[in-house]
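Below: the structure, in structure tokens.
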Amino acid sequence: MFTRFEEYAATQMLGQPDSPPRSEGKLFFSEEWQRTVFGMALALSKEGYFEWDDFRQNLINTITAWEKDACAGDTKWDYYERYTLALIAILEQRRILEPGEMARQMVADETSK
Amino acid sequence: MAELFDYDESREAVSAAKVRALEALLIKKGVLGSDSVDAVLSHFETVAGPFNGARIVARAWLDSAYKCRLLEDTPKAIAELNFPGMNGAEGEHMKAVANSESVHNLVICTLCSCYPWPMLGLPPYWYKDPVFRSRGVREPRAVLREFGVPISADKEVRVWDSSAQIRWFVIPERPAHSEHLTETQLAALVTPEAMMGVALVPAPTAA
């Protein structure tokens, strides 16, 4: 039904537990990194690195885990925090990222500041 | 005490740092192009979205002949404006209905969530809500009142059920005191909700 991957991908999420924040018909990002991570997942799936539904399953799992763990008032809901975890997970599952690679990059980023 | 207030901010900072690291790694590996994110998001930001619908409405307000063509053969009139994102199936089968002094139109979807994406953008949360959909059919005036759009008794309310065959959208009434505005300024007043019939277009605020 959709000729564009972008529309297919976003529409699959609507009305589902992993539905992205939006406002006035547009995706809503309060920080630039949120926009970046949303676009990265979309771009990588479009390129065929993973199935969109497999990524979404990770996202739904990490959302469910948050819901189970969250004590009232303890951790604030952050959709794009969940989204980031889900993207890292699928990239590790597909061996696009090796275990520990992210941690090493973050240390490198930190020391190069 | 300061740590308490820093808590969420530092969580944000961790997420931001992860995304930075991830982007750098993926670009280094050649998995992600440096412009891939912008390319994929440009679809939502400039190609298909509520800005297209708003432009069509503004044109219809300014050009009554265009409005007639739009109501007569909506896809053809949309094609006149040469939108880049309008080739997909979601832009086809569109049908415009116009609000007027005597009629108010409301668009719902009772079967699925057929929504004219390239023109209205992403549907709001409640669009898929079965309660909204069934009440929209049964008691549209009550639903509209709750949206802050009371419709007087002498005005007819027409409810349109979008489907895979026809995707409806509403040309709202042009607001008062908008005679001096350009097409772009008029388009800026038009919201997706107004094009679904659950909002009116407010009069422009005085400059």
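Letters for chains follow the order of the structure tokens (A, B, ...), residue numbers begin at 1 for each chain, and ligand numbers begin at 1 in the order shown.
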- Message: Taking 6 positions as the minimum chain separation for residues in the same chain, which residues sit within 10 Å of A:Ile88 when counting only C-alpha atoms? Answer as a PyMOL selection string.
- Response: (chain A and resi 41+55+58+94+96-97+102) or (chain B and resi 18-19+22)
- Do me a favour and pick out the residues of chain B within 8 Å of chain A, using only C-alpha atoms, as a PyMOL selection string. chain B and resi 8+12+15-23+25+31-32+36-38+40-41+43-45+49-50+88-90+120-125+128+191-193
- Output as a PyMOL selection string all residues of chain A that backbone DSSP marks as helix (DSSP H, G or I). chain A and resi 5-13+32-46+52-69+79-93+101-111
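Using only C-alpha atoms, the nearest neighbour of A:Phe29 within the list A:Ala65, A:Leu59, A:Tyr79, A:Ala86 is A:Tyr79.
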- Task: Do a neighbour search on stretch 96-106 of chain B at 9 Å with only C-alpha atoms, toss out local chain neighbours closer than 3 positions, and write the hits as a VMD selection string.
- Result: chain B and resid 67 70 to 74 136 140 144 151 154 to 161 167 to 173 195 to 198
- Run DSSP on the backbone and give me the residues of chain A it puts in strand (DSSP E), as a ChimeraX atom specification. /A:22-23,26-27
Could you write out the selected residues, including N, CA and C atoms, as a CSV table (one decimal), in the first residue's frame?
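This went into result.csv:
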chain,number,residue,atom,x,y,z
A,22,ARG,N,4.6,12.9,18.6
A,22,ARG,CA,4.3,13.8,17.4
A,22,ARG,C,3.4,14.9,17.8
A,23,SER,N,3.5,15.9,17.0
A,23,SER,CA,2.7,17.1,17.3
A,23,SER,C,2.3,17.8,16.0
A,26,LYS,N,3.4,16.3,12.8
A,26,LYS,CA,4.9,16.1,12.5
A,26,LYS,C,5.5,15.3,13.7
A,27,LEU,N,6.6,14.6,13.3
A,27,LEU,CA,7.4,14.0,14.4
A,27,LEU,C,7.9,15.0,15.3
I'd like the neighbourhood of B:Asn52 as a PDB file with C-alpha atoms, in the first residue's frame, where a residue qualifies if any of its atoms comes within 12 Å (using only C-alpha atoms), though same-chain residues fewer than 5 positions away should be ignored.
ATOM      1  CA  GLY A  25       1.081  16.032  12.183  1.00  0.00           C
TER       2      GLY A  25
ATOM      3  CA  PHE B  44       8.741  13.904   6.803  1.00  0.00           C
ATOM      4  CA  GLU B  45      10.111  17.403   6.998  1.00  0.00           C
ATOM      5  CA  THR B  46       9.731  18.676   3.460  1.00  0.00           C
ATOM      6  CA  VAL B  47       8.088  16.109   1.165  1.00  0.00           C
ATOM      7  CA  VAL B  57      -6.295  25.075   1.587  1.00  0.00           C
ATOM      8  CA  ALA B  58      -4.646  28.485   1.301  1.00  0.00           C
ATOM      9  CA  ARG B  59      -4.772  28.284  -2.491  1.00  0.00           C
ATOM     10  CA  ILE B  78      -3.689  18.557  -6.103  1.00  0.00           C
ATOM     11  CA  ALA B  79      -1.538  17.491  -9.055  1.00  0.00           C
ATOM     12  CA  LEU B  81       0.466  22.156  -7.443  1.00  0.00           C
ATOM     13  CA  ASN B  82       3.247  19.674  -8.263  1.00  0.00           C
ATOM     14  CA  PHE B  83       3.992  18.274  -4.845  1.00  0.00           C
ATOM     15  CA  PRO B  84       6.973  15.941  -4.901  1.00  0.00           C
ATOM     16  CA  GLY B  85       5.486  13.525  -2.351  1.00  0.00           C
ATOM     17  CA  MET B  86       2.123  13.104  -3.982  1.00  0.00           C
ATOM     18  CA  GLY B  91      -2.084  10.771  -1.955  1.00  0.00           C
ATOM     19  CA  PRO B 116      -4.107  11.193   3.871  1.00  0.00           C
ATOM     20  CA  TRP B 117      -0.510  11.215   5.021  1.00  0.00           C
ATOM     21  CA  PRO B 118       1.211  13.284   2.369  1.00  0.00           C
ATOM     22  CA  MET B 119      -1.225  16.100   3.055  1.00  0.00           C
ATOM     23  CA  LEU B 120      -1.989  15.900   6.755  1.00  0.00           C
ATOM     24  CA  GLY B 121       1.156  14.275   8.132  1.00  0.00           C
ATOM     25  CA  THR B 184       2.152  31.465   2.706  1.00  0.00           C
ATOM     26  CA  ALA B 187      -1.112  28.334   4.978  1.00  0.00           C
ATOM     27  CA  ALA B 188       0.653  28.917   8.291  1.00  0.00           C
ATOM     28  CA  VAL B 190      -4.042  25.874   8.810  1.00  0.00           C
ATOM     29  CA  THR B 191      -3.577  22.928  11.190  1.00  0.00           C
ATOM     30  CA  PRO B 192      -4.017  19.208  10.477  1.00  0.00           C
ATOM     31  CA  MET B 195      -8.348  19.733   7.888  1.00  0.00           C
TER      32      MET B 195
END
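Taking atom CA of B:Arg133 as the reference point, atom CA of B:Gln165 is found at 17.8 Å.
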- Task: Excluding B:His180 and residues on its chain fewer than 2 positions from it, collect all residues at most 12 Å away from it, counting only C-alpha atoms, and give them as a list in words.
- Result: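 Near neighbours after the sequence-gap exclusion: Leu62, Pro175, Ala176, His177, Ser178, Thr182, Glu183, Thr184, Gln185, Leu186, Ala203, Pro204, Ala206 and Ala207 of chain B.
Taking atom CA of B:Glu80 as the reference point, atom CA of B:Ala48 is found at 16.1 Å.
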